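Each remark here refers to the structure printed beneath this line.
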2 protein chains.
Amino acid sequence: MAVGVPKFPVMRAVDGVLLGTYCAQIKQCVRDDLLVVAMDPESTCSAVFTQNAFCAAPVVLAKQNLRKEPRWLVINSGNANAGTGAKGLQDAQSVCLTLSQITGGRMEQVLPFSTGVIGESLPVEKITQALPKAIDNLSEDNWAQAAEAIMTTDTFPKGVSKVVSLDEGSITITGISKGAGMIQPNMATMLSFVATDAKIEDGLLQRCLQHAVEQSFNRITVDGDTSTNDACVLMASGHSDVPELLEGSQSYQYFCAVVNDVFSELAEAIVRDGEGATKLISIVISQAKNDQEAVQVGKTIAHSPLVKTAFFASDPNWGRILAAVGRAGIEDFALDKVSIFLGEICIVNAGTKDSQYTEAAGQEVMDAEEITITVRLGRGVAQQTIKTCDLSYDYVRINAEYRT
Amino acid sequence: MAVGVPKFPVMRAVDGVLLGTYCAQIKQCVRDDLLVVAMDPESTCSAVFTQNAFCAAPVVLAKQNLRKEPRWLVINSGNANAGTGAKGLQDAQSVCLTLSQITGGRMEQVLPFSTGVIGESLPVEKITQALPKAIDNLSEDNWAQAAEAIMTTDTFPKGVSKVVSLDEGSITITGISKGAGMIQPNMATMLSFVATDAKIEDGLLQRCLQHAVEQSFNRITVDGDTSTNDACVLMASGHSDVPELLEGSQSYQYFCAVVNDVFSELAEAIVRDGEGATKLISIVISQAKNDQEAVQVGKTIAHSPLVKTAFFASDPNWGRILAAVGRAGIEDFALDKVSIFLGEICIVNAGTKDSQYTEAAGQEVMDAEEITITVRLGRGVAQQTIKTCDLSYDYVRINAEYRT
């Protein structure tokens, strides 16, 4: 199930970035599960990684290699190579080594990524045998295939492609993401690979990435579980005609704004594909003292199983929302300042049910597939939005059936 | 559904504490939903209340009245009188006033408690009309009826009764609890009323209560949601022949140990009755740096929907447990020190799958209704146990059907 599956867009090629996929039969033999991305030599590259204390082996290696002029990404689905100890690290290195031997680069220039079952050994031989084929397939036009190859429990491929039109020329930004469960990116709980042909140095690219991630992937949650593996990469080939983007320039600001849009759409696609999701819920926390407080309240609501099951039932159960707000750990919190809106309908005013509220009006909002809840805290001017989905029978089924 | 429903025990009367129930038809008219408890004048009384920032009206009032020599408790199920603003407070006061007029006491001596739907007005008239009947029914022998009267989504009444045998005589401790959902008592997310005939001053009784609650109700969770309403009361009539319990005395220590046992059993009964529960899971976190860290890791595991659905599926999915440990927010955490046991079976050793582990051995542990998971953190000597249940289809059904 998924909420309002977005049509897979036309994916504009990014000059200087090639993608090749192949079926290494890691967990299944129906679709490609191996992706190689090759960047032109002058490219810059930035990335953020899971904050789970237990990083998977590929994350450990990718973090080390990020500052060594990465030229290749190698991504497999079907096996996370997590909780695999020293052998897991050797396995990830073997994959990088084989790729570098085929392509004639240094193995430190390869960033490895894995997603899938935790705790099983990576089938290194299957991957190294498939690598030459994936490399043979390298092309600028394989974004759709790449989006499919990184899927695990995803029900649809996720891609976004946009153009930044500037006076000096245009910049393309094209990216993919995957993720459906174990989603509370605290950067990051999914995989996302975004490429652009902009010319931009590493440090500035990294700041652009971090800002975009903070407002996109770090504002979504499916089940509150943060994975051991996931990562988000932003690559820049520098092939665009637009001169180098410099800090503080208008071009850079405009570029960052479009990167934010790309990331937000990729993040929202993950929530739409949340395991068992039947509703897309945007939780807007406004009038907070600061952003951190707004996110804290928003995530407490988004993680409440009682709120999530009420959404599944299309039930305007404001009592559960209020109870979640109350346990969010905010100090000196005055209930009589809080108001709650379902869509445009005020349901709670001054901490209690609004006298104008009617069940019929609330029900109409809740019956929709996409719902916006606004909670005004009456404490300040900060505002943040958390996106999440409901908790359905299918969430339980999917995660009870997905056996170790 | 419930896990290993305990037989309702013989409830020993507590001399000096009377209970009366009646059906006020607050939400249904099948069983009693109103309970009055009367304490003898010389009684002492202690209580702890929900730490949800949004206390329900009865909690606000009960907190105020706790230090005014309480003599009566009045408890209704079917309506929480929460999120009801100024009117809610007036309603709770009306109930206390009526009770005091009938019994001839002061209204400040009444502690009110409500549990049920949030956000609906308390049906005061129904309650005040039923009060004389509940008071007519006052008797020392009504503990079983009382346990039934406070139930909401509970599937069975919860009671424990024990005797402390001392050289000087014996002390009786008898209590009841209710709760099945919105359970992460951070004291408190349920209702529990425990009485004893011990002679003990208020302050000491309060310390005994707080210690017992910390190790019982504050160590269980069903869904991580903390309610707006709930409370735990420990009353002492002083009618026992045993001389007054004094701080530091052996009698007091022994008394406290038995109070702990009573509370632990009442708390465990709530987890057994967790909404949709098919498994009772004890999560033992050992080798932690301190208790706080152990509880933090234990609760992160206990709240993970992925871990809970794996338990529902009897799936020894250690990867999900490891991922939850990793996101628990512990600083400087070394994965290679962590080991995990399913029952007595080592499944993870030094951060990765134990070489001796077999699926058959793990499966045998997971197939049982009651499971103990031990996670050794390799950081210190502190140990804490969190009790929880699994996340099943029925949890979703119950909470999707329980409409506002």
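So you can find residues: chains in the structure tokens are A, B, ... in the order shown, residues in each start at 1, and ligands are numbered from 1 in order.
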
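For Ala361 of chain A, the residues within 10 Å (counting only C-alpha atoms, excluding itself and residues fewer than 5 positions away along the chain) are A:Pro316, A:Leu342, A:Gly343, A:Glu344, A:Ile345, A:Cys346, A:Ile347, A:Met366.
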
File of the preceding selection, C-alpha atoms, as a CSV table (one decimal), in the first residue's frame:
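Generated output (selection17.csv):
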```
chain,number,residue,atom,x,y,z
A,316,PRO,CA,-10.5,12.9,14.6
A,342,LEU,CA,-7.6,19.5,11.4
A,343,GLY,CA,-7.0,21.0,8.0
A,344,GLU,CA,-8.6,24.4,8.4
A,345,ILE,CA,-11.0,23.2,11.1
A,346,CYS,CA,-10.3,24.3,14.7
A,347,ILE,CA,-10.9,21.3,16.9
A,366,MET,CA,-9.9,12.9,8.4
```

Residue list for chain B near chain A as a PDB file with N, CA and C atoms, in the first residue's frame, 7 Å, only C-alpha atoms:
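After the write, selection.pdb holds the following:
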```pdb
ATOM      1  N   ASN B  52       2.464  13.711  32.531  1.00  0.00           N
ATOM      2  CA  ASN B  52       2.016  14.390  31.324  1.00  0.00           C
ATOM      3  C   ASN B  52       1.750  15.860  31.678  1.00  0.00           C
ATOM      4  N   ALA B  53       2.264  16.783  30.856  1.00  0.00           N
ATOM      5  CA  ALA B  53       2.105  18.217  31.145  1.00  0.00           C
ATOM      6  C   ALA B  53       0.626  18.602  31.200  1.00  0.00           C
ATOM      7  N   PHE B  54      -0.188  17.842  30.492  1.00  0.00           N
ATOM      8  CA  PHE B  54      -1.619  18.137  30.486  1.00  0.00           C
ATOM      9  C   PHE B  54      -2.335  17.186  31.424  1.00  0.00           C
ATOM     10  N   GLY B  83      -8.845  17.310  29.129  1.00  0.00           N
ATOM     11  CA  GLY B  83      -9.009  18.219  27.995  1.00  0.00           C
ATOM     12  C   GLY B  83     -10.366  18.900  28.053  1.00  0.00           C
ATOM     13  N   THR B  84     -10.862  19.116  29.273  1.00  0.00           N
ATOM     14  CA  THR B  84     -12.223  19.630  29.443  1.00  0.00           C
ATOM     15  C   THR B  84     -12.227  21.033  30.052  1.00  0.00           C
ATOM     16  N   GLY B  85     -11.032  21.634  30.168  1.00  0.00           N
ATOM     17  CA  GLY B  85     -10.950  23.038  30.569  1.00  0.00           C
ATOM     18  C   GLY B  85     -11.496  23.327  31.960  1.00  0.00           C
ATOM     19  N   ILE B 118     -11.016  10.758  26.484  1.00  0.00           N
ATOM     20  CA  ILE B 118     -10.546  12.121  26.702  1.00  0.00           C
ATOM     21  C   ILE B 118     -11.451  13.102  25.961  1.00  0.00           C
ATOM     22  N   GLY B 119     -11.733  14.252  26.576  1.00  0.00           N
ATOM     23  CA  GLY B 119     -12.338  15.362  25.837  1.00  0.00           C
ATOM     24  C   GLY B 119     -13.851  15.451  25.880  1.00  0.00           C
ATOM     25  N   ASP B 223       2.721   0.952  24.816  1.00  0.00           N
ATOM     26  CA  ASP B 223       2.825   1.650  23.536  1.00  0.00           C
ATOM     27  C   ASP B 223       3.589   2.963  23.635  1.00  0.00           C
ATOM     28  N   ASP B 225       2.813   5.606  25.120  1.00  0.00           N
ATOM     29  CA  ASP B 225       1.984   6.791  25.318  1.00  0.00           C
ATOM     30  C   ASP B 225       1.659   6.982  26.796  1.00  0.00           C
ATOM     31  N   THR B 226       1.940   8.168  27.310  1.00  0.00           N
ATOM     32  CA  THR B 226       1.685   8.482  28.712  1.00  0.00           C
ATOM     33  C   THR B 226       0.355   9.208  28.830  1.00  0.00           C
ATOM     34  N   SER B 227      -0.519   8.705  29.652  1.00  0.00           N
ATOM     35  CA  SER B 227      -1.864   9.258  29.758  1.00  0.00           C
ATOM     36  C   SER B 227      -1.904  10.559  30.547  1.00  0.00           C
ATOM     37  N   THR B 228      -2.998  11.248  30.405  1.00  0.00           N
ATOM     38  CA  THR B 228      -3.208  12.527  31.080  1.00  0.00           C
ATOM     39  C   THR B 228      -3.788  12.350  32.475  1.00  0.00           C
ATOM     40  N   SER B 304      10.196   0.090  20.066  1.00  0.00           N
ATOM     41  CA  SER B 304      10.435  -0.056  18.625  1.00  0.00           C
ATOM     42  C   SER B 304       9.328  -0.879  17.972  1.00  0.00           C
ATOM     43  N   PRO B 305       8.570  -0.280  17.042  1.00  0.00           N
ATOM     44  CA  PRO B 305       7.528  -1.040  16.359  1.00  0.00           C
ATOM     45  C   PRO B 305       8.105  -2.237  15.600  1.00  0.00           C
ATOM     46  N   LEU B 306       9.332  -2.106  15.115  1.00  0.00           N
ATOM     47  CA  LEU B 306       9.938  -3.212  14.376  1.00  0.00           C
ATOM     48  C   LEU B 306      10.274  -4.376  15.303  1.00  0.00           C
ATOM     49  N   THR B 309       6.794  -5.947  16.389  1.00  0.00           N
ATOM     50  CA  THR B 309       6.154  -6.797  15.372  1.00  0.00           C
ATOM     51  C   THR B 309       6.947  -8.090  15.190  1.00  0.00           C
ATOM     52  N   ALA B 310       8.273  -8.030  15.355  1.00  0.00           N
ATOM     53  CA  ALA B 310       9.077  -9.266  15.275  1.00  0.00           C
ATOM     54  C   ALA B 310       8.687 -10.213  16.418  1.00  0.00           C
ATOM     55  N   PHE B 312       5.762 -10.334  17.836  1.00  0.00           N
ATOM     56  CA  PHE B 312       4.442 -10.855  17.447  1.00  0.00           C
ATOM     57  C   PHE B 312       4.617 -12.043  16.504  1.00  0.00           C
ATOM     58  N   ALA B 313       5.608 -11.958  15.608  1.00  0.00           N
ATOM     59  CA  ALA B 313       5.847 -13.026  14.638  1.00  0.00           C
ATOM     60  C   ALA B 313       6.733 -14.134  15.208  1.00  0.00           C
ATOM     61  N   ASP B 315       9.742 -13.966  15.829  1.00  0.00           N
ATOM     62  CA  ASP B 315      10.909 -13.905  14.944  1.00  0.00           C
ATOM     63  C   ASP B 315      12.144 -13.461  15.749  1.00  0.00           C
ATOM     64  N   ASN B 317      14.642 -11.762  15.555  1.00  0.00           N
ATOM     65  CA  ASN B 317      15.258 -10.755  14.685  1.00  0.00           C
ATOM     66  C   ASN B 317      16.198  -9.863  15.499  1.00  0.00           C
ATOM     67  N   GLY B 319      18.766  -8.281  14.600  1.00  0.00           N
ATOM     68  CA  GLY B 319      19.190  -7.067  13.895  1.00  0.00           C
ATOM     69  C   GLY B 319      18.348  -5.872  14.314  1.00  0.00           C
ATOM     70  N   ALA B 323      19.709  -2.601  16.215  1.00  0.00           N
ATOM     71  CA  ALA B 323      19.481  -1.264  15.647  1.00  0.00           C
ATOM     72  C   ALA B 323      18.827  -0.352  16.681  1.00  0.00           C
ATOM     73  N   ALA B 324      17.912  -0.902  17.484  1.00  0.00           N
ATOM     74  CA  ALA B 324      17.261  -0.098  18.526  1.00  0.00           C
ATOM     75  C   ALA B 324      18.262   0.294  19.610  1.00  0.00           C
ATOM     76  N   GLY B 326      21.342   0.748  19.193  1.00  0.00           N
ATOM     77  CA  GLY B 326      22.235   1.734  18.584  1.00  0.00           C
ATOM     78  C   GLY B 326      21.645   3.126  18.490  1.00  0.00           C
ATOM     79  N   ARG B 327      20.305   3.228  18.468  1.00  0.00           N
ATOM     80  CA  ARG B 327      19.707   4.557  18.362  1.00  0.00           C
ATOM     81  C   ARG B 327      19.189   5.063  19.708  1.00  0.00           C
ATOM     82  N   PHE B 333      29.569   4.491  22.471  1.00  0.00           N
ATOM     83  CA  PHE B 333      29.028   3.150  22.594  1.00  0.00           C
ATOM     84  C   PHE B 333      29.816   2.222  21.657  1.00  0.00           C
ATOM     85  N   LEU B 335      30.049  -1.148  19.781  1.00  0.00           N
ATOM     86  CA  LEU B 335      29.220  -2.271  19.316  1.00  0.00           C
ATOM     87  C   LEU B 335      29.846  -3.610  19.681  1.00  0.00           C
ATOM     88  N   GLY B 351      28.919  -8.032  19.293  1.00  0.00           N
ATOM     89  CA  GLY B 351      28.315  -7.192  18.263  1.00  0.00           C
ATOM     90  C   GLY B 351      27.906  -7.900  16.995  1.00  0.00           C
ATOM     91  N   THR B 352      28.148  -9.186  16.906  1.00  0.00           N
ATOM     92  CA  THR B 352      27.735  -9.890  15.688  1.00  0.00           C
ATOM     93  C   THR B 352      27.168 -11.263  16.052  1.00  0.00           C
ATOM     94  N   LYS B 353      26.590 -11.959  15.080  1.00  0.00           N
ATOM     95  CA  LYS B 353      25.888 -13.206  15.391  1.00  0.00           C
ATOM     96  C   LYS B 353      26.850 -14.210  16.013  1.00  0.00           C
ATOM     97  N   SER B 392       0.539  -6.299  17.729  1.00  0.00           N
ATOM     98  CA  SER B 392      -0.188  -7.277  16.921  1.00  0.00           C
ATOM     99  C   SER B 392      -1.256  -6.590  16.077  1.00  0.00           C
ATOM    100  N   TYR B 393      -1.871  -7.362  15.195  1.00  0.00           N
ATOM    101  CA  TYR B 393      -3.025  -6.851  14.458  1.00  0.00           C
ATOM    102  C   TYR B 393      -4.068  -6.301  15.417  1.00  0.00           C
ATOM    103  N   VAL B 396      -3.811  -2.733  16.597  1.00  0.00           N
ATOM    104  CA  VAL B 396      -4.317  -1.788  15.593  1.00  0.00           C
ATOM    105  C   VAL B 396      -5.846  -1.806  15.585  1.00  0.00           C
ATOM    106  N   ASN B 399      -7.403  -0.060  18.702  1.00  0.00           N
ATOM    107  CA  ASN B 399      -7.233   1.387  18.738  1.00  0.00           C
ATOM    108  C   ASN B 399      -7.799   2.098  17.527  1.00  0.00           C
ATOM    109  N   ALA B 400      -8.054   1.345  16.461  1.00  0.00           N
ATOM    110  CA  ALA B 400      -8.735   1.938  15.312  1.00  0.00           C
ATOM    111  C   ALA B 400     -10.248   1.901  15.536  1.00  0.00           C
ATOM    112  N   ARG B 403     -13.421   4.525  18.946  1.00  0.00           N
ATOM    113  CA  ARG B 403     -13.604   5.838  18.332  1.00  0.00           C
ATOM    114  C   ARG B 403     -13.856   6.926  19.356  1.00  0.00           C
ATOM    115  N   THR B 404     -13.473   8.143  18.953  1.00  0.00           N
ATOM    116  CA  THR B 404     -13.772   9.314  19.786  1.00  0.00           C
ATOM    117  C   THR B 404     -15.283   9.515  19.803  1.00  0.00           C
TER     118      THR B 404
END
```

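Between atom CA of Met151 of chain B and atom CA of Ala198 of chain B there is a distance of 27.1 Å.
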
Any chance you could tabulate, as JSON lines, the residues of segment 97-207 of chain A at most 10 Å from segment 240-258 of chain A with each one's nearest atom pair and distance in Å to one decimal, using only C-alpha atoms, in chain and rising number order?
```
{"residue": "A:Ser161", "atom": "CA", "partner": "A:Val258", "partner_atom": "CA", "distance": 10.0}
{"residue": "A:Lys162", "atom": "CA", "partner": "A:Val258", "partner_atom": "CA", "distance": 7.4}
{"residue": "A:Val163", "atom": "CA", "partner": "A:Val258", "partner_atom": "CA", "distance": 8.0}
{"residue": "A:Val164", "atom": "CA", "partner": "A:Phe255", "partner_atom": "CA", "distance": 6.4}
{"residue": "A:Ser165", "atom": "CA", "partner": "A:Tyr254", "partner_atom": "CA", "distance": 9.0}
{"residue": "A:Leu166", "atom": "CA", "partner": "A:Ser251", "partner_atom": "CA", "distance": 7.0}
{"residue": "A:Asp167", "atom": "CA", "partner": "A:Val242", "partner_atom": "CA", "distance": 8.6}
{"residue": "A:Glu168", "atom": "CA", "partner": "A:Val242", "partner_atom": "CA", "distance": 5.4}
{"residue": "A:Gly169", "atom": "CA", "partner": "A:Val242", "partner_atom": "CA", "distance": 5.3}
{"residue": "A:Ser170", "atom": "CA", "partner": "A:Val242", "partner_atom": "CA", "distance": 6.6}
{"residue": "A:Ile171", "atom": "CA", "partner": "A:Ser240", "partner_atom": "CA", "distance": 6.0}
{"residue": "A:Thr172", "atom": "CA", "partner": "A:Ser240", "partner_atom": "CA", "distance": 8.0}
{"residue": "A:Ile173", "atom": "CA", "partner": "A:Val258", "partner_atom": "CA", "distance": 8.1}
{"residue": "A:Thr196", "atom": "CA", "partner": "A:Ser240", "partner_atom": "CA", "distance": 8.6}
{"residue": "A:Asp197", "atom": "CA", "partner": "A:Ser240", "partner_atom": "CA", "distance": 5.1}
{"residue": "A:Ala198", "atom": "CA", "partner": "A:Ser240", "partner_atom": "CA", "distance": 5.4}
{"residue": "A:Lys199", "atom": "CA", "partner": "A:Glu244", "partner_atom": "CA", "distance": 4.6}
{"residue": "A:Ile200", "atom": "CA", "partner": "A:Leu245", "partner_atom": "CA", "distance": 5.3}
{"residue": "A:Glu201", "atom": "CA", "partner": "A:Leu245", "partner_atom": "CA", "distance": 8.1}
{"residue": "A:Leu204", "atom": "CA", "partner": "A:Glu247", "partner_atom": "CA", "distance": 7.0}
{"residue": "A:Leu205", "atom": "CA", "partner": "A:Cys256", "partner_atom": "CA", "distance": 9.2}
{"residue": "A:Arg207", "atom": "CA", "partner": "A:Cys256", "partner_atom": "CA", "distance": 9.5}
```

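In this model, the gap between atom CA of Asp291 of chain A and atom CA of Val213 of chain A comes to 14.9 Å.
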
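For segment 135-149 of chain A, the residues within 6 Å (counting only C-alpha atoms, excluding itself and residues fewer than 2 positions away along the chain) are Ala13, Leu18, Leu19, Gly20, Asp32, Asp33, Pro132, Lys133, Met151, Pro157 and Ile176 of chain A.
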
Can those selected residues be exported to a file as an mmCIF file, in the first residue's frame so that it contains N, CA and C atoms?
```
data_model
loop_
_atom_site.group_PDB
_atom_site.id
_atom_site.type_symbol
_atom_site.label_atom_id
_atom_site.label_comp_id
_atom_site.auth_asym_id
_atom_site.auth_seq_id
_atom_site.Cartn_x
_atom_site.Cartn_y
_atom_site.Cartn_z
ATOM 1 N N ALA A 13 19.276 13.586 -17.423
ATOM 2 C CA ALA A 13 20.659 13.145 -17.234
ATOM 3 C C ALA A 13 21.470 14.267 -16.600
ATOM 4 N N LEU A 18 27.443 8.881 -14.398
ATOM 5 C CA LEU A 18 26.955 7.686 -15.096
ATOM 6 C C LEU A 18 26.447 6.661 -14.083
ATOM 7 N N LEU A 19 25.423 5.901 -14.493
ATOM 8 C CA LEU A 19 24.862 4.891 -13.596
ATOM 9 C C LEU A 19 24.725 3.570 -14.348
ATOM 10 N N GLY A 20 25.059 2.478 -13.649
ATOM 11 C CA GLY A 20 24.896 1.158 -14.246
ATOM 12 C C GLY A 20 24.357 0.180 -13.221
ATOM 13 N N ASP A 32 17.151 -5.875 -10.780
ATOM 14 C CA ASP A 32 18.518 -5.462 -10.479
ATOM 15 C C ASP A 32 18.642 -5.077 -9.000
ATOM 16 N N ASP A 33 19.770 -5.444 -8.411
ATOM 17 C CA ASP A 33 19.992 -5.137 -6.996
ATOM 18 C C ASP A 33 21.380 -4.542 -6.761
ATOM 19 N N PRO A 132 31.435 -6.209 -13.153
ATOM 20 C CA PRO A 132 31.807 -5.862 -14.534
ATOM 21 C C PRO A 132 30.581 -5.576 -15.404
ATOM 22 N N LYS A 133 29.499 -6.323 -15.136
ATOM 23 C CA LYS A 133 28.280 -6.140 -15.945
ATOM 24 C C LYS A 133 27.628 -4.799 -15.624
ATOM 25 N N MET A 151 15.766 -0.412 -4.262
ATOM 26 C CA MET A 151 14.559 -0.675 -3.474
ATOM 27 C C MET A 151 14.697 -1.927 -2.592
ATOM 28 N N PRO A 157 9.471 3.067 -7.124
ATOM 29 C CA PRO A 157 10.761 3.766 -7.197
ATOM 30 C C PRO A 157 10.554 5.258 -6.979
ATOM 31 N N ILE A 176 17.540 10.131 -6.531
ATOM 32 C CA ILE A 176 16.680 8.995 -6.189
ATOM 33 C C ILE A 176 16.760 8.745 -4.676
#
```

**Q.** Given only C-alpha atoms as the counted atoms, nearest of B:Thr221, B:Thr372, B:Gln356, B:Gln296 to Ile281 of chain B
**A.** B:Thr372
